[in-house]
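This is structure_3.txt. It holds compact mmCIF, C-alpha atoms and all ligand atoms.
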# COMPACT_ATOMS: atom_id res chain seq x y z
CA MET D 173 0.00 0.00 0.00
CA ILE D 174 1.09 3.52 -0.62
CA LEU D 175 4.56 2.60 -1.45
CA GLN D 176 5.16 4.83 -4.39
CA LYS D 177 7.68 6.76 -2.32
CA LEU D 178 9.56 3.57 -1.52
CA PRO D 179 10.52 2.13 -4.85
CA TYR D 180 12.67 -0.63 -3.47
CA TYR D 181 9.66 -2.53 -2.28
CA PHE D 182 8.58 -2.95 -5.83
CA LEU D 183 11.68 -4.90 -6.62
CA LEU D 184 9.93 -7.63 -4.74
CA LEU D 185 7.58 -7.83 -7.63
CA SER D 186 10.10 -9.97 -9.41
CA LEU D 187 10.86 -12.25 -6.50
CA SER D 188 8.72 -15.28 -6.51
CA TYR D 189 7.84 -16.48 -3.09
CA ALA D 190 5.43 -19.26 -2.23
CA PRO D 191 1.88 -19.02 -3.58
CA SER D 192 1.13 -15.45 -2.86
CA LEU D 193 -2.41 -15.35 -1.47
CA ALA D 194 -0.99 -12.55 0.42
CA PHE D 195 -1.55 -9.02 1.30
CA SER D 196 1.27 -8.14 -0.96
CA PHE D 197 3.16 -4.93 -1.45
CA SER D 198 4.45 -6.02 -4.77
CA GLN D 199 1.07 -5.56 -6.33
CA SER D 200 0.17 -2.50 -4.42
CA LYS D 201 1.56 0.33 -6.47
CA GLU D 202 0.07 -0.94 -9.65
CA LEU D 203 -3.23 -1.72 -8.01
CA PHE D 204 -3.25 1.49 -6.12
CA ASP D 205 -2.91 3.49 -9.26
CA GLN D 206 -5.60 1.44 -10.89
CA ALA D 207 -7.99 1.50 -7.95
CA LYS D 208 -9.51 4.74 -9.12
CA ASN D 209 -10.16 3.29 -12.52
CA TYR D 210 -11.82 0.32 -10.93
CA GLU D 211 -14.39 2.50 -9.32
CA GLY D 212 -15.72 3.43 -12.72
CA SER D 213 -14.60 0.69 -15.02
CA SER D 214 -14.48 -3.04 -14.89
CA ASP D 215 -12.75 -3.68 -18.18
CA LEU D 216 -9.37 -4.00 -16.52
CA VAL D 217 -10.42 -6.72 -14.13
CA ASN D 218 -10.51 -10.32 -15.26
CA LEU D 219 -11.75 -11.76 -12.00
CA GLU D 220 -12.91 -15.28 -12.78
CA TYR D 221 -14.41 -18.25 -11.03
CA HIS D 222 -12.33 -21.43 -11.34
CA MET D 223 -14.95 -23.96 -10.16
CA GLY D 224 -13.63 -24.61 -6.65
CA PRO D 225 -15.48 -24.20 -3.35
CA VAL D 226 -16.08 -21.03 -1.40
CA LEU D 227 -16.72 -20.95 2.35
CA ALA D 228 -20.48 -21.37 2.14
CA SER D 229 -21.08 -23.18 5.46
CA PRO D 230 -21.04 -21.27 8.74
CA ILE D 231 -17.39 -20.54 9.50
CA ASN D 232 -15.93 -21.60 12.83
CA VAL D 233 -12.91 -19.41 13.47
CA TYR D 234 -10.08 -20.62 15.71
CA ILE D 235 -7.47 -18.09 16.81
CA ILE D 236 -3.94 -18.98 17.79
CA TRP D 237 -2.42 -16.11 19.73
CA TYR D 238 1.25 -16.71 19.04
CA GLY D 239 3.59 -14.89 21.42
CA ASP D 240 2.82 -11.92 23.60
CA TRP D 241 -0.64 -10.37 23.32
CA SER D 242 -2.17 -7.86 25.73
CA LEU D 243 -5.75 -8.29 26.89
CA SER D 244 -6.80 -5.10 25.15
CA GLN D 245 -5.27 -6.22 21.86
CA GLN D 246 -7.10 -9.54 22.12
CA SER D 247 -10.35 -7.84 22.98
CA THR D 248 -10.21 -5.50 19.96
CA ILE D 249 -9.56 -8.38 17.56
CA ARG D 250 -12.20 -10.59 19.18
CA ASP D 251 -14.77 -7.79 18.96
CA PHE D 252 -13.95 -7.39 15.29
CA LEU D 253 -14.69 -11.08 14.70
CA TYR D 254 -17.89 -10.90 16.77
CA SER D 255 -19.02 -8.02 14.55
CA PHE D 256 -19.40 -10.18 11.44
CA SER D 257 -22.61 -11.80 12.61
CA SER D 258 -23.91 -9.31 15.15
CA PRO D 259 -25.93 -6.18 14.56
CA ALA D 260 -24.28 -2.76 14.81
CA PRO D 261 -25.22 0.66 13.42
CA TYR D 262 -24.90 1.07 9.66
CA PRO D 263 -22.36 0.91 8.10
CA SER D 264 -21.29 -2.14 10.10
CA VAL D 265 -18.73 -4.91 9.72
CA ALA D 266 -21.63 -7.22 8.77
CA ASP D 267 -22.71 -4.70 6.11
CA TRP D 268 -19.15 -4.67 4.77
CA TRP D 269 -19.19 -8.50 4.65
CA ARG D 270 -22.36 -8.40 2.52
CA THR D 271 -20.22 -7.63 -0.51
CA VAL D 272 -18.17 -10.77 0.15
CA ARG D 273 -21.39 -12.79 0.43
CA LEU D 274 -22.21 -11.97 -3.19
CA TYR D 275 -19.67 -14.59 -4.30
CA THR D 276 -21.06 -18.05 -5.00
CA ASP D 277 -19.71 -21.46 -5.98
CA GLN D 278 -20.85 -23.64 -8.88
CA THR D 279 -23.76 -24.98 -6.82
CA GLY D 280 -25.05 -21.45 -6.42
CA SER D 281 -24.20 -21.30 -2.71
CA ASN D 282 -23.15 -17.90 -1.43
CA ILE D 283 -20.32 -17.27 1.01
CA THR D 284 -21.78 -17.49 4.51
CA GLY D 285 -22.72 -14.56 6.69
CA ASN D 286 -22.32 -16.68 9.77
CA ILE D 287 -18.87 -16.37 11.33
CA VAL D 288 -18.38 -17.64 14.85
CA LEU D 289 -15.33 -17.46 17.07
CA SER D 290 -15.19 -21.08 18.18
CA GLY D 291 -11.88 -21.55 19.92
CA GLU D 292 -8.67 -19.86 21.02
CA PHE D 293 -5.24 -21.15 21.90
CA TYR D 294 -2.44 -19.22 23.58
CA ASP D 295 0.97 -20.16 22.26
CA THR D 296 2.76 -17.99 24.81
CA ARG D 297 5.89 -20.12 24.69
CA TYR D 298 6.58 -19.46 21.04
CA SER D 299 6.37 -23.20 20.25
CA HIS D 300 8.19 -22.76 16.93
CA GLY D 301 10.47 -19.88 17.88
CA ALA D 302 10.41 -16.18 17.05
CA TYR D 303 11.53 -16.56 13.43
CA LEU D 304 8.89 -18.29 11.39
CA SER D 305 8.68 -19.47 7.81
CA ARG D 306 5.39 -19.51 5.95
CA LEU D 307 5.16 -23.26 6.33
CA ASP D 308 5.73 -23.00 10.10
CA MET D 309 2.18 -21.63 10.39
CA GLN D 310 0.91 -25.13 9.67
CA SER D 311 3.10 -26.64 12.39
CA ILE D 312 1.80 -24.02 14.81
CA ILE D 313 -1.75 -25.10 13.99
CA ARG D 314 -0.77 -28.73 14.49
CA THR D 315 0.74 -27.91 17.88
CA ALA D 316 -2.46 -26.17 18.95
CA VAL D 317 -4.73 -29.03 17.91
CA ASN D 318 -2.37 -31.69 19.31
CA LYS D 319 -2.62 -30.18 22.73
CA ARG D 320 -6.36 -30.64 22.41
CA ALA D 321 -6.68 -27.07 23.46
CA MET D 322 -8.29 -26.42 20.15
CA ALA D 323 -10.58 -28.52 18.00
CA LEU D 324 -9.43 -29.76 14.63
CA ASN D 325 -12.48 -28.93 12.57
CA PRO D 326 -12.11 -30.32 9.05
CA HIS D 327 -15.66 -29.38 7.99
CA ASN D 328 -15.92 -25.67 8.52
CA GLY D 329 -12.92 -24.61 10.58
CA LEU D 330 -10.85 -21.58 9.66
CA TYR D 331 -7.60 -21.13 11.57
CA LEU D 332 -6.04 -17.75 12.25
CA VAL D 333 -2.44 -17.55 13.38
CA LEU D 334 -1.72 -14.11 14.82
CA THR D 335 1.93 -13.35 15.62
CA SER D 336 2.92 -10.74 18.19
CA HIS D 337 5.17 -7.68 17.91
CA ASP D 338 8.37 -9.62 18.57
CA VAL D 339 7.90 -12.42 16.02
CA GLN D 340 9.59 -12.25 12.64
CA VAL D 341 7.91 -14.01 9.76
CA GLN D 342 9.24 -14.84 6.33
CA ASP D 343 8.43 -11.97 3.94
CA PHE D 344 6.66 -10.02 6.73
CA CYS D 345 7.27 -6.32 6.37
CA ARG D 346 9.21 -6.88 3.17
CA ALA D 347 6.56 -8.35 0.93
CA VAL D 348 3.46 -9.18 2.94
CA CYS D 349 1.37 -8.20 5.98
CA GLY D 350 -0.63 -11.42 6.01
CA PHE D 351 -1.51 -14.38 3.82
CA HIS D 352 -3.94 -17.25 3.57
CA TYR D 353 -3.54 -20.80 2.37
CA PHE D 354 -4.68 -24.29 3.32
CA THR D 355 -3.03 -26.95 5.47
CA PHE D 356 -1.46 -30.14 4.18
CA PRO D 357 -2.68 -33.44 5.60
CA ASN D 358 0.86 -34.62 6.33
CA ILE D 359 1.43 -31.66 8.64
CA VAL D 360 -1.96 -31.01 10.22
CA GLY D 361 -3.84 -34.22 9.38
CA VAL D 362 -6.51 -32.58 7.22
CA THR D 363 -6.88 -29.80 4.70
CA VAL D 364 -8.31 -26.70 6.35
CA PRO D 365 -8.04 -23.09 5.28
CA TYR D 366 -5.96 -20.78 7.44
CA ALA D 367 -4.64 -17.26 7.49
CA TRP D 368 -1.75 -15.57 9.18
CA VAL D 369 -1.55 -11.90 10.13
CA GLY D 370 1.35 -10.30 11.98
CA TYR D 371 1.31 -7.40 14.44
CA SER D 372 3.15 -4.69 12.54
CA GLY D 373 3.07 -1.94 15.18
CA ALA D 374 6.70 -2.46 16.16
CA GLN D 375 8.22 -3.81 12.95
CA CYS D 376 6.66 -1.92 10.05
CA PRO D 377 3.57 0.15 10.84
CA GLY D 378 4.21 2.37 7.82
CA MET D 379 3.77 -0.65 5.59
CA CYS D 380 1.19 -2.81 7.29
CA ALA D 381 -0.69 -0.26 9.39
CA TYR D 382 -1.18 2.46 6.81
CA PRO D 383 -3.06 4.85 7.02
CA PHE D 384 -2.36 4.96 10.76
CA ALA D 385 1.36 5.35 10.25
CA TRP D 386 3.20 7.02 7.40
CA PRO D 387 4.99 4.88 4.83
CA GLY D 388 8.49 5.91 5.91
CA TYR D 389 7.86 5.23 9.59
CA SER D 390 10.03 2.45 10.95
CA GLY D 391 8.37 2.18 14.33
CA SER D 392 11.48 3.26 16.19
CA SER D 393 11.33 7.05 16.17
CA SER D 394 8.95 9.40 17.91
CA SER D 395 5.46 9.95 16.60
CA PRO D 396 5.14 10.29 12.89
CA PRO D 397 3.97 13.54 11.35
CA ARG D 398 0.24 13.73 10.84
CA ASN D 399 0.68 14.57 7.22
CA ASN D 400 3.64 13.23 5.34
CA GLU D 401 4.25 14.06 1.73
CA GLY D 402 0.58 14.42 1.06
CA HIS D 403 -0.40 11.25 2.90
CA ASN D 404 -3.09 11.98 5.38
CA ILE D 405 -2.15 10.02 8.47
CA MET D 406 -5.15 9.04 10.52
CA ARG D 407 -5.67 8.18 14.15
CA ALA D 408 -6.34 4.53 14.90
CA PRO D 409 -9.94 3.93 16.06
CA ASN D 410 -8.98 1.50 18.82
CA GLY D 411 -5.89 3.37 19.90
CA ASP D 412 -3.36 0.76 18.79
CA VAL D 413 -1.81 1.45 15.40
CA GLY D 414 -0.58 -2.14 15.11
CA VAL D 415 -3.89 -3.78 16.00
CA ASP D 416 -6.00 -1.35 13.99
CA GLY D 417 -3.72 -2.01 11.02
CA MET D 418 -4.07 -5.76 11.59
CA ILE D 419 -7.85 -5.49 11.51
CA SER D 420 -7.79 -4.28 7.92
CA VAL D 421 -5.31 -6.97 6.93
CA LEU D 422 -7.44 -9.56 8.73
CA ALA D 423 -10.54 -8.32 6.91
CA HIS D 424 -8.61 -8.57 3.64
CA GLU D 425 -7.51 -12.15 4.35
CA LEU D 426 -10.95 -13.26 5.56
CA ALA D 427 -12.54 -11.95 2.35
CA GLU D 428 -9.96 -13.79 0.26
CA VAL D 429 -9.85 -17.06 2.15
CA SER D 430 -13.66 -17.21 1.94
CA SER D 431 -13.77 -16.59 -1.80
CA ASN D 432 -10.68 -18.63 -2.67
CA PRO D 433 -10.04 -21.09 0.20
CA LEU D 434 -8.33 -23.77 -1.85
CA VAL D 435 -6.93 -21.35 -4.40
CA ASN D 436 -9.19 -22.65 -7.12
CA ALA D 437 -12.24 -20.39 -6.84
CA TRP D 438 -12.30 -16.59 -7.29
CA TYR D 439 -9.18 -14.79 -8.55
CA ALA D 440 -7.90 -12.74 -11.42
CA GLY D 441 -4.78 -13.39 -13.44
CA ASP D 442 -3.52 -16.42 -15.26
CA ASP D 443 -1.15 -17.63 -12.59
CA PRO D 444 -2.80 -19.51 -9.70
CA THR D 445 0.45 -19.32 -7.72
CA ALA D 446 0.21 -15.53 -7.75
CA PRO D 447 -3.51 -14.83 -7.95
CA THR D 448 -5.03 -11.40 -7.61
CA GLU D 449 -7.95 -11.92 -5.26
CA ILE D 450 -11.06 -9.94 -4.36
CA ALA D 451 -9.37 -7.75 -1.74
CA ASP D 452 -6.10 -7.35 -3.68
CA LEU D 453 -8.12 -5.51 -6.29
CA CYS D 454 -8.98 -2.80 -3.76
CA LEU D 455 -5.78 -2.33 -1.76
CA GLY D 456 -5.69 1.05 -0.08
CA VAL D 457 -9.34 1.80 -0.87
CA TYR D 458 -11.43 2.58 2.23
CA GLY D 459 -13.99 5.03 0.91
CA SER D 460 -15.42 6.81 -2.11
CA GLY D 461 -12.94 8.65 -4.29
CA ALA D 462 -9.93 6.60 -3.15
CA GLY D 463 -6.88 6.25 -5.32
CA GLY D 464 -3.32 7.40 -5.77
CA GLY D 465 -2.53 7.57 -2.07
CA TYR D 466 -5.89 8.88 -0.89
CA VAL D 467 -7.83 6.29 1.14
CA GLY D 468 -11.18 7.81 0.21
CA LYS D 469 -13.93 9.35 2.24
CA VAL D 470 -14.09 7.83 5.72
CA ASP D 471 -15.67 8.98 8.98
CA LYS D 472 -14.09 10.39 12.12
CA ASP D 473 -15.34 9.72 15.62
CA THR D 474 -15.64 12.30 18.41
CA TRP D 475 -11.91 12.08 19.10
CA GLY D 476 -10.89 12.44 15.47
CA ASN D 477 -10.08 8.75 14.96
CA ALA D 478 -10.76 7.46 11.47
CA TYR D 479 -13.11 4.56 10.80
CA ASN D 480 -15.43 3.32 8.09
CA VAL D 481 -17.47 0.58 9.83
CA ASN D 482 -19.13 0.02 13.20
CA GLY D 483 -18.80 -3.11 15.28
CA VAL D 484 -20.17 -4.62 18.48
CA ARG D 485 -19.95 -2.78 21.81
CA GLY D 486 -19.61 0.59 20.10
CA ARG D 487 -16.34 -0.38 18.41
CA LYS D 488 -15.23 1.27 15.21
CA PHE D 489 -12.88 -0.19 12.63
CA MET D 490 -11.20 0.71 9.36
CA VAL D 491 -11.43 -2.05 6.78
CA GLN D 492 -10.45 -1.86 3.15
CA TRP D 493 -13.07 -2.34 0.48
CA VAL D 494 -13.38 -5.47 -1.65
CA TRP D 495 -14.33 -6.08 -5.25
CA ASP D 496 -18.10 -6.21 -5.74
CA PRO D 497 -18.92 -8.83 -8.40
CA VAL D 498 -22.32 -7.31 -9.13
CA LYS D 499 -21.37 -3.63 -9.26
CA LYS D 500 -18.03 -4.60 -10.82
CA ARG D 501 -16.05 -2.14 -8.77
CA CYS D 502 -14.53 -1.78 -5.32
CA TYR D 503 -17.27 -1.20 -2.82
CA GLY D 504 -17.96 -0.80 0.88
CA PRO D 505 -21.03 0.15 2.94
CA ASN D 506 -19.70 3.66 3.57
CA ALA D 507 -19.79 4.45 -0.17
CA ILE D 508 -21.45 7.77 -0.90
CA ASP D 509 -22.37 6.84 -4.47
C1 LIG G 601 -25.80 -14.53 -3.45
O1 LIG G 601 -25.10 -14.15 -4.60
C2 LIG G 601 -25.90 -13.66 -5.66
C3 LIG G 601 -24.97 -13.44 -6.84
O2 LIG G 601 -24.00 -12.49 -6.54
C4 LIG G 601 -26.64 -12.43 -5.21
O3 LIG G 601 -27.48 -11.97 -6.24
C5 LIG G 601 -27.43 -12.70 -3.96
O4 LIG G 601 -27.99 -11.51 -3.46
C6 LIG G 601 -26.50 -13.30 -2.90
N1 LIG G 601 -27.23 -13.63 -1.71
C7 LIG G 601 -26.86 -13.17 -0.50
C8 LIG G 601 -27.66 -13.67 0.66
O5 LIG G 601 -25.94 -12.39 -0.35
As a first step, turn the structure in this file into structure tokens.
Amino acid sequence: MILQKLPYYFLLLSLSYAPSLAFSFSQSKELFDQAKNYEGSSDLVNLEYHMGPVLASPINVYIIWYGDWSLSQQSTIRDFLYSFSSPAPYPSVADWWRTVRLYTDQTGSNITGNIVLSGEFYDTRYSHGAYLSRLDMQSIIRTAVNKRAMALNPHNGLYLVLTSHDVQVQDFCRAVCGFHYFTFPNIVGVTVPYAWVGYSGAQCPGMCAYPFAWPGYSGSSSSPPRNNEGHNIMRAPNGDVGVDGMISVLAHELAEVSSNPLVNAWYAGDDPTAPTEIADLCLGVYGSGAGGGYVGKVDKDTWGNAYNVNGVRGRKFMVQWVWDPVKKRCYGPNAID
């Protein structure tokens, strides 16, 4: 996102890492520039259905809190997940998810609107260390289900591995903020979809927690300027730049894992190992008029914190828009047109 001032990130475009399925910087400049076009035109987008399943049954979400998580961080993320299937004032998280529910599989089944937090596991001992590869996420899931602390749900389980501020992950902060994939039976025992999202507040808020931190911000200096080179830096609605940034990445990954869980359903592009998925198409777009570094029209709460959707218990969140297959453009419930 918003990396036009940081050209070296785009070199990553040419690196091929494991199947992308990722919130990827490499695509962001190109997509960011195009996002505006997408609002009015669909000719550029070749989003196609490849006959595989979508997550049409009620989704049981299992969270693995890997590392060191404060109670308030956990509570913000939990409330975000509770907001998918609970009422809140319009525009709500559930309203935002309605766009995702427009995707169907070949049986005509829509993506579910029923998302339930069904289990949590605290991996406070960093079972696989503080330097993780992409594949390690699957071993972390196996560890959690082996301890019987968490159910292995092969029917409608979705596993989320969330890594804390002090955990380094392959490609994190260099190429990705999160990714989704599915487990291999020889590691976990079954094939289940999963997603990983890292806490970027300490390592790279300017990359993974934009627009709450400016793109050049490393996380080590004092507070970033409110307005850097034309980027309008916004205040995080839940007071934690890292967690509020994670929420948008989590929303992005949930939209994509639901519409492309086995990487054979909804994506654009000819290469299934580097698909452009329904949230990739709208990177950096949070409101009407977004594009070229502007996140679009979003709301501000009483304290001046930015948000575009409401959640349970009066929470507010900023989530990026996703591609609407009916309107054929990026869309969210806070759209003004
Ligand atoms: C299911 O998807 C179809 C096609 O996009 C859409 O017309 C319909 O409104 C969707 N149903 C729900 C409940 O979202």
Inset, instruction - Counting all atoms listed in the file, name the residues that have an atom within 9 Å of an atom of ligand LIG 601 (chain G); the answer should be given as an NGL selection string. - result: :D and (270-276 or 280-285 or 496-498)
Could you please take those selected residues and save C-alpha atoms as a JSON list (two decimals), in the coordinates of the input?
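The resulting result.json:
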[["chain", "number", "residue", "atom", "x", "y", "z"],
["D", 270, "ARG", "CA", -22.36, -8.40, 2.52],
["D", 271, "THR", "CA", -20.22, -7.63, -0.51],
["D", 272, "VAL", "CA", -18.17, -10.77, 0.15],
["D", 273, "ARG", "CA", -21.39, -12.79, 0.43],
["D", 274, "LEU", "CA", -22.21, -11.97, -3.19],
["D", 275, "TYR", "CA", -19.67, -14.59, -4.30],
["D", 276, "THR", "CA", -21.06, -18.05, -5.00],
["D", 280, "GLY", "CA", -25.05, -21.45, -6.42],
["D", 281, "SER", "CA", -24.20, -21.30, -2.71],
["D", 282, "ASN", "CA", -23.15, -17.90, -1.43],
["D", 283, "ILE", "CA", -20.32, -17.27, 1.01],
["D", 284, "THR", "CA", -21.78, -17.49, 4.51],
["D", 285, "GLY", "CA", -22.72, -14.56, 6.69],
["D", 496, "ASP", "CA", -18.10, -6.21, -5.74],
["D", 497, "PRO", "CA", -18.92, -8.83, -8.40],
["D", 498, "VAL", "CA", -22.32, -7.31, -9.13]]
Inset, instruction - Tell me which of D:Ser420, D:Thr248, D:Gln278, D:Asn410 sits closest to Met223 (chain D), counting all atoms listed in the file. - result: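 Counting all atoms listed in the file, the residue closest to Met223 (chain D) is D:Gln278.
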Inset, instruction - Show which residues sit within 6 Å of region 450-460 of chain D, as a PyMOL selection string. Count only C-alpha atoms, and ignore same-chain residues fewer than 5 positions away. - result: chain D and resi 173+424+467-470+492-495+502+507
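Ranking D:Thr296, D:Gln310, D:Gln375, D:Thr279 by their shortest atom-to-atom distance to Val333 (chain D), with all atoms listed in the file included, puts D:Gln310 first.
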Fewer than 3 positions away in the same chain doesn't count, so skip those; otherwise give me all residues within 9 Å of Pro383 (chain D), counting only C-alpha atoms, as a PDB file with C-alpha atoms, in the coordinates of the input.
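The resulting around_8.pdb:
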ATOM      1  CA  ILE D 174       1.090   3.520  -0.620  1.00  0.00           C
ATOM      2  CA  PRO D 377       3.570   0.150  10.840  1.00  0.00           C
ATOM      3  CA  GLY D 378       4.210   2.370   7.820  1.00  0.00           C
ATOM      4  CA  MET D 379       3.770  -0.650   5.590  1.00  0.00           C
ATOM      5  CA  CYS D 380       1.190  -2.810   7.290  1.00  0.00           C
ATOM      6  CA  TRP D 386       3.200   7.020   7.400  1.00  0.00           C
ATOM      7  CA  PRO D 387       4.990   4.880   4.830  1.00  0.00           C
ATOM      8  CA  HIS D 403      -0.400  11.250   2.900  1.00  0.00           C
ATOM      9  CA  ASN D 404      -3.090  11.980   5.380  1.00  0.00           C
ATOM     10  CA  ILE D 405      -2.150  10.020   8.470  1.00  0.00           C
ATOM     11  CA  MET D 406      -5.150   9.040  10.520  1.00  0.00           C
ATOM     12  CA  ARG D 407      -5.670   8.180  14.150  1.00  0.00           C
ATOM     13  CA  ALA D 408      -6.340   4.530  14.900  1.00  0.00           C
ATOM     14  CA  GLY D 417      -3.720  -2.010  11.020  1.00  0.00           C
ATOM     15  CA  GLY D 456      -5.690   1.050  -0.080  1.00  0.00           C
ATOM     16  CA  VAL D 467      -7.830   6.290   1.140  1.00  0.00           C
TER      17      VAL D 467
END
Inset, instruction - To one decimal in Å, tell me the separation between CA of Ser242 (chain D) and CA of Tyr298 (chain D). - result: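 Answer for the CA of Ser242 (chain D) to CA of Tyr298 (chain D) separation: 15.3 Å.
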Inset, instruction - Kindly give the distance, in Å, that separates CA of Phe252 (chain D) and CA of Val265 (chain D), rounded to a single decimal. - result: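 Separation of CA of Phe252 (chain D) and CA of Val265 (chain D): 7.7 Å.
CA of Ser290 (chain D) is found 16.2 Å from CA of Lys319 (chain D).
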Inset, instruction - Within 10 Å of Met322 (chain D), counting all atoms listed in the file, which residues show up once you throw out same-chain ones fewer than 4 positions away? Write them as a list in words, please. - result: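 That gives Tyr234, Ile235, Ile236, Ser290, Gly291, Glu292, Phe293, Tyr294, Ile313, Arg314, Thr315, Ala316, Val317 and Asn318 of chain D.
Among D:Gly461, D:Lys500, D:Asp473, D:Asp509, the residue with the shortest atom-to-atom distance to Arg487 (chain D), counting only C-alpha atoms, is D:Asp473.
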Sorted per-residue table, region 227-319 of chain D near region 336-360 of chain D, closest atoms and distance, 8 Å, only C-alpha atoms, as JSON lines:
{"residue": "D:Trp237", "atom": "CA", "partner": "D:Ser336", "partner_atom": "CA", "distance": 7.7}
{"residue": "D:Tyr238", "atom": "CA", "partner": "D:Ser336", "partner_atom": "CA", "distance": 6.3}
{"residue": "D:Gly239", "atom": "CA", "partner": "D:Ser336", "partner_atom": "CA", "distance": 5.3}
{"residue": "D:Asp240", "atom": "CA", "partner": "D:Ser336", "partner_atom": "CA", "distance": 5.5}
{"residue": "D:Trp241", "atom": "CA", "partner": "D:Ser336", "partner_atom": "CA", "distance": 6.3}
{"residue": "D:Ala302", "atom": "CA", "partner": "D:Val339", "partner_atom": "CA", "distance": 4.6}
{"residue": "D:Tyr303", "atom": "CA", "partner": "D:Gln340", "partner_atom": "CA", "distance": 4.8}
{"residue": "D:Leu304", "atom": "CA", "partner": "D:Val341", "partner_atom": "CA", "distance": 4.7}
{"residue": "D:Ser305", "atom": "CA", "partner": "D:Gln342", "partner_atom": "CA", "distance": 4.9}
{"residue": "D:Arg306", "atom": "CA", "partner": "D:Gln342", "partner_atom": "CA", "distance": 6.1}
{"residue": "D:Gln310", "atom": "CA", "partner": "D:Thr355", "partner_atom": "CA", "distance": 6.0}
{"residue": "D:Ser311", "atom": "CA", "partner": "D:Ile359", "partner_atom": "CA", "distance": 6.5}
{"residue": "D:Ile313", "atom": "CA", "partner": "D:Val360", "partner_atom": "CA", "distance": 7.0}
{"residue": "D:Arg314", "atom": "CA", "partner": "D:Val360", "partner_atom": "CA", "distance": 5.0}
Inset, instruction - Excluding Ser257 (chain D) and residues on its chain fewer than 4 positions from it, collect all residues at most 8 Å away from it, counting only C-alpha atoms, and give them as an NGL selection string. - result: :D and (266 or 285-288)
Using all atoms of region 487-494 of chain D that appear in the file, construct an axis-aligned enclosing box with 5 Å of padding on every side and provide its centre coordinates and edge lengths in Å, rounded to one decimal, as AutoDock Vina command-line options.
--center_x -13.4 --center_y -2.1 --center_z 8.4 --size_x 15.9 --size_y 16.7 --size_z 30.1
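Using all atoms listed in the file, the smallest distance between any of D:Ala381, D:Ala260, D:Ala367, D:Leu253 and Arg485 (chain D) comes from D:Ala260.
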Inset, instruction - For each of D:Val233, D:Ala440, D:Ala423, D:Val415, take the minimum atom-to-atom distance to Tyr366 (chain D), counting only C-alpha atoms, then give the residue where this is smallest. - result: D:Val233
Inset, instruction - Can you work out which one of D:Ala437, D:Val362, D:Ala462, D:Leu422 has the shortest atom-to-atom distance to Leu219 (chain D), counting all atoms listed in the file? - result: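 Counting all atoms listed in the file, the residue closest to Leu219 (chain D) is D:Ala437.
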